[in-house]
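Note sheet for the following structure.
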Amino acid sequence: MKQMRILCAILVFSLASTSCESYFDVKLDDQPNIEDIFSTTNGTKKYLAHIYSYIPMEEEIVGSEGWVVPRSDEAQYSFFQWVNYLQIKTGSYSSGTVNGTGGDLVTADAAYYNFWRKNYVAINQCSTFLKYVDLNKGESPDKIKAMKAEARFLRAFYYFCLFRQFGPVYIWGDQMPDETIMGSTIDRMTVDQNIDFIVGELDAIKNDLPLRMSDIGEPEASFVGRVTRGAALALKARVLLFAASPLYNGCDLYVGKMKNMRGEFLFPQTKDDSKWEAAAQAAWDVIDLGMYSLCEDNTQTDPFKKGVASYQKIMFDNWNSETIWGWWFRTTKGYEYFGPTGGQIGPAMPPNALETLGVRGGYGGIAPSLKLIDTYPMWETGRYPVTGYQGQNDLSKPIVDPQSGYQATGFTENYKQPADADWAPAFKAHNSCVGRDPRFYACLVPNGFYWPNKTFPNRFTCYDNAECTSRYSATSDANRLGYTWRRLLKPDYSLNDEYDMYKAIKYVYPAFRLAEVYLNYAEACNEKPQRDETAALLYLNKVRNRVGLKDIEEAYPEIKGNKELLRWCIQKERMVEFGLEAKRHYDACRWMIAKDEYPGTPWTLHLTATNYEDSYQRVNNELRISPYVFQDKDYLYPIGAAQLAEMTNMTQNYGF
């Protein structure tokens, strides 16, 4: 039995790239004609698998659509030579930026992070499927109806992928793209028109999608990753949350700016708070299905260790109860790939320290940012420890909440690592790493902590001394932040060789999971005109309680009746809960806080120090990267020069 997992079967298409109509012109070289493909069940399913193949590589955090992870303030690249990343981070890019590689559908659009063409090709492929799928007479009507709904979902999803990067775009709607249309006649539609189309599509298909694939006679295990009704409702909830958010809902930045060729302002000129009502209802519709539950580990009796293990199940248990829709990590890039043209997510995160333990090490090329480190709450109080920084993001001077119990300086002697390392002896731990949220220890290994594998009982240490397992280096592979990710490695995961370390890691990327829906609902209930503080607190607490944190109103008694404080807590919780899941950048932009949060010099621990104690100083002069820049124009990516050359009246984004 063939398993219809994403990317399991991809047709070979020849997609010309020289004209406007090439976005929409499918040529099937050395293939049967299109009618023959759809006349068979096997051909139809292959084409369906093909239109899934365009899903964004959000998990690929060193490139592709995953670029938004280090683009935000949640992660830090160690490599100063990664030009693609630095052009975006330092603001030295434009609609004509040319660099890097990323596959034909990317390089054809010049800039490494420009996914305009890829998504429009995907949209056309979905429309092609919808045009011809009824030629298949071998499948049951219910299966054909479900496949049509899948294609319409994917088409709406690809439009949303464009929307979140560029803002509103041109919508072809249900019609097949017109190959004869003059490029000069195409311009963007408005935010509301984009949202209305995407939401309208999802509303139209939600009841045609099964709750489970078995409802239409498909074996569950053989069709994991296909779209269900829950996925359609979850996408609608996310889309409407964006529509209600400040960037897209009457923000001052776009008032009086960006009219299309029809004289319409692309962005709403006034705020409409009723959009929060729609966002809240959409999130509730997912919750009300009653099909999903937060991951919990009931094998642990200790509350703290249970919190760690429960959070780890999100990634380690494929197709778990919390995952509404997701996809397998790619087999040629993603977690598994390590080789002469590698540098992908698997080897990018672990430090080269592992080579000293007798196994293939990593690059240490990406690490959590100190801003993210500072965001994890405290275990005892449940409060977020750092409320801000003195100066413009001077991370050496955190403003500490005195009620949180956090200490930014000093060390604790004879500290026992609280999770996944019961075998480790006591050691001296920096106070900033003591008493944190279970997710802190589930995701990270701080400087001085033991790597969570008793077969290699070594501390992960980062500074300039031969005793270090990850000695500082200004030029070669090294962790240059002082913390490393461990989220992809289970406790005591085998580190025997390269295969164990990278190629055998196969997880599902949770594109939509219940915790997001809960926090979407909490945010919308807090913001809507008829504010529902009780519901907002309840669903924020569900996410916190999963890892054992106390209710937010117990941590912050002053939060009752305080809309602004609850908003701040929800934003902090989203940053922690979704660390490394490609949500922070889009959140920071839709909230319009990126301009305040992103700029500044790259802060690290003092890894050129020659001893452990001094290495915990925070410095901004050791990572040779220019200061980070974020301006008003950076909330949206520019439409590329290649597109503007074809569609000469296309309205460019503000500031470009």
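By convention here, the chains of the structure tokens are called A, B, ... in the order presented, each chain's residues are numbered starting at 1, and ligands are numbered starting at 1 in the order presented.
For region 433-548 of chain A, a DSSP pass over the backbone yields strand (DSSP E) at Leu444, Val445, Pro446, Tyr483, Thr484, Trp485, Val508, Tyr509, Pro510, Ala511, Phe512 and Arg513 of chain A.
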Saved selection, atoms kept: N, CA and C atoms, as a short mmCIF file (atom, residue, chain, number, x, y, z; two decimals), in the first residue's frame:
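out_29.cif written:
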```
data_model
loop_
_atom_site.label_atom_id
_atom_site.label_comp_id
_atom_site.auth_asym_id
_atom_site.auth_seq_id
_atom_site.Cartn_x
_atom_site.Cartn_y
_atom_site.Cartn_z
N LEU A 444 16.73 23.83 25.75
CA LEU A 444 18.04 24.46 25.74
C LEU A 444 19.05 23.71 26.58
N VAL A 445 20.31 23.91 26.25
CA VAL A 445 21.43 23.54 27.12
C VAL A 445 22.27 24.79 27.32
N PRO A 446 22.23 25.39 28.51
CA PRO A 446 23.03 26.60 28.75
C PRO A 446 24.51 26.26 28.95
N TYR A 483 24.41 29.46 24.53
CA TYR A 483 23.33 28.50 24.74
C TYR A 483 23.16 27.72 23.45
N THR A 484 22.70 26.48 23.55
CA THR A 484 22.47 25.70 22.34
C THR A 484 21.09 25.06 22.41
N TRP A 485 20.49 24.86 21.25
CA TRP A 485 19.22 24.16 21.17
C TRP A 485 19.42 22.67 21.43
N VAL A 508 7.53 15.24 12.90
CA VAL A 508 6.49 15.98 12.19
C VAL A 508 6.53 17.43 12.63
N TYR A 509 6.55 18.31 11.67
CA TYR A 509 6.50 19.73 11.99
C TYR A 509 5.06 20.12 12.29
N PRO A 510 4.77 20.65 13.48
CA PRO A 510 3.39 20.97 13.86
C PRO A 510 2.95 22.31 13.30
N ALA A 511 2.48 22.33 12.08
CA ALA A 511 2.10 23.59 11.43
C ALA A 511 0.97 24.28 12.17
N PHE A 512 -0.01 23.51 12.61
CA PHE A 512 -1.11 24.01 13.44
C PHE A 512 -1.24 23.08 14.63
N ARG A 513 -1.20 23.63 15.83
CA ARG A 513 -1.43 22.79 17.00
C ARG A 513 -2.34 23.52 17.99
#
```
Sorted per-residue table, region 529-553 of chain A near region 571-587 of chain A, closest atoms and distance, 12 Å, only C-alpha atoms, as JSON lines:
```
{"residue": "A:Tyr539", "atom": "CA", "partner": "A:Glu573", "partner_atom": "CA", "distance": 11.5}
{"residue": "A:Leu540", "atom": "CA", "partner": "A:Glu573", "partner_atom": "CA", "distance": 8.1}
{"residue": "A:Asn541", "atom": "CA", "partner": "A:Glu573", "partner_atom": "CA", "distance": 10.0}
{"residue": "A:Lys542", "atom": "CA", "partner": "A:Glu573", "partner_atom": "CA", "distance": 11.4}
{"residue": "A:Val543", "atom": "CA", "partner": "A:Glu577", "partner_atom": "CA", "distance": 8.2}
{"residue": "A:Arg544", "atom": "CA", "partner": "A:Glu573", "partner_atom": "CA", "distance": 8.0}
{"residue": "A:Asn545", "atom": "CA", "partner": "A:Glu573", "partner_atom": "CA", "distance": 11.8}
{"residue": "A:Arg546", "atom": "CA", "partner": "A:Glu577", "partner_atom": "CA", "distance": 10.8}
{"residue": "A:Val547", "atom": "CA", "partner": "A:Glu577", "partner_atom": "CA", "distance": 10.1}
{"residue": "A:Leu549", "atom": "CA", "partner": "A:Glu573", "partner_atom": "CA", "distance": 11.4}
{"residue": "A:Ile552", "atom": "CA", "partner": "A:Glu573", "partner_atom": "CA", "distance": 10.4}
```
What does the file look like for those residues with C-alpha atoms, as a compact mmCIF listing (two decimals), in the first residue's frame?
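The new file result-v4.txt reads:
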```
# COMPACT_ATOMS: atom_id res chain seq x y z
CA TYR A 539 -7.13 29.53 27.74
CA LEU A 540 -3.85 31.26 28.51
CA ASN A 541 -3.74 29.18 31.69
CA LYS A 542 -4.36 25.95 29.81
CA VAL A 543 -1.11 26.43 27.93
CA ARG A 544 0.80 27.43 31.07
CA ASN A 545 -0.70 24.67 33.20
CA ARG A 546 0.40 22.02 30.69
CA VAL A 547 4.00 22.60 31.80
CA LEU A 549 3.04 26.81 35.71
CA ILE A 552 -1.52 33.79 35.35
```
Can you work out the spacing between CA of Pro168 (chain A) and CA of Arg188 (chain A) in Å, to one decimal?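 Going from CA of Pro168 (chain A) over to CA of Arg188 (chain A), I get 6.5 Å.
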Quick one: distance from CA of Asn393 (chain A) to CA of Ser72 (chain A) in Å, one decimal?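 Computing the Euclidean distance for CA of Asn393 (chain A) and CA of Ser72 (chain A) yields 13.7 Å.
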CA of Lys236 (chain A) to CA of Phe157 (chain A) measures 9.5 Å
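Among the candidates A:Ser432, A:Thr185, A:Asn458, A:Asn124, the residue lying nearest to Trp172 (chain A) is A:Asn124 (atoms considered: only C-alpha atoms).
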Write out as an MDAnalysis selection string which residues come within 9 Å of Gln281 (chain A) when counting only C-alpha atoms, dropping same-chain ones fewer than 4 positions away. chainID A and resid 237 276:277 285:286 521 524
A:Asp401, A:Asp174, A:Asp142, A:Asp73: which is nearest Pro599 (chain A), counting only C-alpha atoms?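 Between A:Asp401, A:Asp174, A:Asp142, A:Asp73, the residue approaching Pro599 (chain A) most closely is A:Asp73.
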Which residue of A:Arg152, A:Lys454, A:Arg117, A:Arg71 approaches Leu48 (chain A) most closely, using only C-alpha atoms: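 Once distances to Leu48 (chain A) are computed over only C-alpha atoms, the minimum belongs to A:Arg152.
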Fewer than 3 positions away in the same chain doesn't count, so skip those; otherwise give me all residues within 10 Å of Arg164 (chain A), counting only C-alpha atoms, as a compact mmCIF listing (two decimals) with C-alpha atoms, in the first residue's frame.
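Dumped to selection.txt:
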```txt
# COMPACT_ATOMS: atom_id res chain seq x y z
CA TYR A 159 -2.50 32.74 -0.75
CA PHE A 160 -2.07 33.21 2.98
CA CYS A 161 1.65 32.41 2.65
CA GLY A 167 0.58 41.85 2.50
CA PRO A 168 -2.41 41.73 0.11
CA VAL A 239 -6.09 34.27 9.08
CA PHE A 242 -3.99 38.46 11.34
CA TYR A 586 4.87 37.16 12.03
CA CYS A 589 5.02 42.24 12.76
CA ARG A 590 1.25 41.90 13.10
CA TYR A 635 6.99 44.93 8.25
CA LEU A 636 6.38 43.59 4.75
CA TYR A 637 8.78 42.15 2.19
```
Cut-off 12 Å: closest region 480-572 of chain A/region 608-617 of chain A atom pairs per residue, using only C-alpha atoms, as a Markdown table:
```
| residue | atom | partner | partner_atom | distance |
| --- | --- | --- | --- | --- |
| A:Arg480 | CA | A:Thr608 | CA | 9.3 |
| A:Leu481 | CA | A:Tyr616 | CA | 10.4 |
| A:Gly482 | CA | A:Tyr616 | CA | 8.2 |
| A:Tyr483 | CA | A:Tyr616 | CA | 10.7 |
```
In region 418-610 of chain A, DSSP alpha helix (DSSP H) residues written as an MDAnalysis selection string: chainID A and resid 438:443 498 514:527 533:546 552:555 563:577 584:590 594:597
Write a file of the selected residues as a PDB file, in the first residue's frame, keeping C-alpha atoms.
```
ATOM      1  CA  PRO A 438      10.288  23.531  32.296  1.00  0.00           C
ATOM      2  CA  ARG A 439      10.329  24.550  28.618  1.00  0.00           C
ATOM      3  CA  PHE A 440      13.656  26.279  29.226  1.00  0.00           C
ATOM      4  CA  TYR A 441      15.276  22.943  30.074  1.00  0.00           C
ATOM      5  CA  ALA A 442      13.264  20.988  27.496  1.00  0.00           C
ATOM      6  CA  CYS A 443      14.616  23.179  24.676  1.00  0.00           C
ATOM      7  CA  GLU A 498      26.381  10.713  12.011  1.00  0.00           C
ATOM      8  CA  LEU A 514      -3.973  23.274  19.744  1.00  0.00           C
ATOM      9  CA  ALA A 515      -1.793  25.505  21.923  1.00  0.00           C
ATOM     10  CA  GLU A 516      -1.778  28.091  19.119  1.00  0.00           C
ATOM     11  CA  VAL A 517      -5.572  27.980  18.889  1.00  0.00           C
ATOM     12  CA  TYR A 518      -5.860  28.435  22.667  1.00  0.00           C
ATOM     13  CA  LEU A 519      -3.582  31.467  22.589  1.00  0.00           C
ATOM     14  CA  ASN A 520      -5.339  32.839  19.490  1.00  0.00           C
ATOM     15  CA  TYR A 521      -8.598  32.592  21.396  1.00  0.00           C
ATOM     16  CA  ALA A 522      -7.139  34.184  24.522  1.00  0.00           C
ATOM     17  CA  GLU A 523      -5.752  37.101  22.513  1.00  0.00           C
ATOM     18  CA  ALA A 524      -8.974  37.708  20.600  1.00  0.00           C
ATOM     19  CA  CYS A 525     -11.098  37.503  23.762  1.00  0.00           C
ATOM     20  CA  ASN A 526      -8.849  40.071  25.426  1.00  0.00           C
ATOM     21  CA  GLU A 527      -9.019  42.473  22.460  1.00  0.00           C
ATOM     22  CA  GLU A 533     -11.334  38.415  30.316  1.00  0.00           C
ATOM     23  CA  THR A 534     -12.477  35.176  31.937  1.00  0.00           C
ATOM     24  CA  ALA A 535     -12.108  33.204  28.712  1.00  0.00           C
ATOM     25  CA  ALA A 536      -8.785  34.870  27.897  1.00  0.00           C
ATOM     26  CA  LEU A 537      -7.356  33.909  31.283  1.00  0.00           C
ATOM     27  CA  LEU A 538      -8.730  30.368  31.075  1.00  0.00           C
ATOM     28  CA  TYR A 539      -7.131  29.533  27.743  1.00  0.00           C
ATOM     29  CA  LEU A 540      -3.851  31.262  28.511  1.00  0.00           C
ATOM     30  CA  ASN A 541      -3.737  29.181  31.693  1.00  0.00           C
ATOM     31  CA  LYS A 542      -4.365  25.947  29.806  1.00  0.00           C
ATOM     32  CA  VAL A 543      -1.107  26.434  27.925  1.00  0.00           C
ATOM     33  CA  ARG A 544       0.802  27.428  31.067  1.00  0.00           C
ATOM     34  CA  ASN A 545      -0.699  24.669  33.198  1.00  0.00           C
ATOM     35  CA  ARG A 546       0.396  22.018  30.687  1.00  0.00           C
ATOM     36  CA  ILE A 552      -1.521  33.794  35.351  1.00  0.00           C
ATOM     37  CA  GLU A 553      -3.823  35.598  37.812  1.00  0.00           C
ATOM     38  CA  GLU A 554      -2.013  33.889  40.689  1.00  0.00           C
ATOM     39  CA  ALA A 555       1.337  34.946  39.256  1.00  0.00           C
ATOM     40  CA  LYS A 563      -6.106  44.558  29.344  1.00  0.00           C
ATOM     41  CA  GLU A 564      -2.604  45.830  28.596  1.00  0.00           C
ATOM     42  CA  LEU A 565      -0.892  43.541  31.105  1.00  0.00           C
ATOM     43  CA  LEU A 566      -2.826  40.523  29.854  1.00  0.00           C
ATOM     44  CA  ARG A 567      -1.858  41.423  26.277  1.00  0.00           C
ATOM     45  CA  TRP A 568       1.808  41.584  27.356  1.00  0.00           C
ATOM     46  CA  CYS A 569       1.583  38.199  29.076  1.00  0.00           C
ATOM     47  CA  ILE A 570      -0.033  36.573  26.034  1.00  0.00           C
ATOM     48  CA  GLN A 571       2.737  37.958  23.836  1.00  0.00           C
ATOM     49  CA  LYS A 572       5.409  36.626  26.188  1.00  0.00           C
ATOM     50  CA  GLU A 573       3.710  33.240  26.347  1.00  0.00           C
ATOM     51  CA  ARG A 574       3.554  32.954  22.556  1.00  0.00           C
ATOM     52  CA  MET A 575       7.266  33.723  22.262  1.00  0.00           C
ATOM     53  CA  VAL A 576       8.141  30.942  24.718  1.00  0.00           C
ATOM     54  CA  GLU A 577       5.594  28.339  23.650  1.00  0.00           C
ATOM     55  CA  ARG A 584       7.546  34.959  16.387  1.00  0.00           C
ATOM     56  CA  HIS A 585       8.405  37.124  13.372  1.00  0.00           C
ATOM     57  CA  TYR A 586       4.865  37.160  12.028  1.00  0.00           C
ATOM     58  CA  ASP A 587       3.568  37.862  15.541  1.00  0.00           C
ATOM     59  CA  ALA A 588       6.010  40.720  16.111  1.00  0.00           C
ATOM     60  CA  CYS A 589       5.022  42.238  12.760  1.00  0.00           C
ATOM     61  CA  ARG A 590       1.250  41.901  13.104  1.00  0.00           C
ATOM     62  CA  ALA A 594       9.263  44.518  15.721  1.00  0.00           C
ATOM     63  CA  LYS A 595      10.545  48.064  15.246  1.00  0.00           C
ATOM     64  CA  ASP A 596      11.054  48.299  19.009  1.00  0.00           C
ATOM     65  CA  GLU A 597      12.199  44.728  19.645  1.00  0.00           C
TER      66      GLU A 597
END
```
Distance criterion (only C-alpha atoms): nearest to Val69 (chain A) out of A:Asn194, A:Ser140, A:Ser369, A:Asn249: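 Closest candidate: A:Ser369.
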List the neighbours of Gly256 (chain A) out to 12 Å using only C-alpha atoms; skip same-chain residues closer than 3 positions along the sequence, and give me the result as a list in words.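 My list of contacting residues is Gly250, Cys251, Asp252, Leu253, Lys259, Asn260, Gly263, Glu264, Phe265, Leu266, Phe267, Pro268, Gln269, Thr270 and Tyr654 of chain A.
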Based on the selection just made, write C-alpha atoms of those residues as a short mmCIF file (atom, residue, chain, number, x, y, z; two decimals), in the first residue's frame.
```
data_model
loop_
_atom_site.label_atom_id
_atom_site.label_comp_id
_atom_site.auth_asym_id
_atom_site.auth_seq_id
_atom_site.Cartn_x
_atom_site.Cartn_y
_atom_site.Cartn_z
CA GLY A 250 -6.26 50.51 10.27
CA CYS A 251 -2.66 51.10 11.34
CA ASP A 252 -1.42 54.68 11.03
CA LEU A 253 1.59 53.58 8.99
CA LYS A 259 -3.49 52.78 -3.51
CA ASN A 260 -3.80 50.23 -6.28
CA GLY A 263 -7.87 53.73 -6.66
CA GLU A 264 -8.43 51.44 -3.66
CA PHE A 265 -6.28 51.68 -0.56
CA LEU A 266 -4.66 48.29 -0.08
CA PHE A 267 -4.91 48.52 3.72
CA PRO A 268 -7.96 49.47 5.81
CA GLN A 269 -7.88 53.15 6.63
CA THR A 270 -9.76 52.81 9.91
CA TYR A 654 5.61 51.04 1.56
#
```
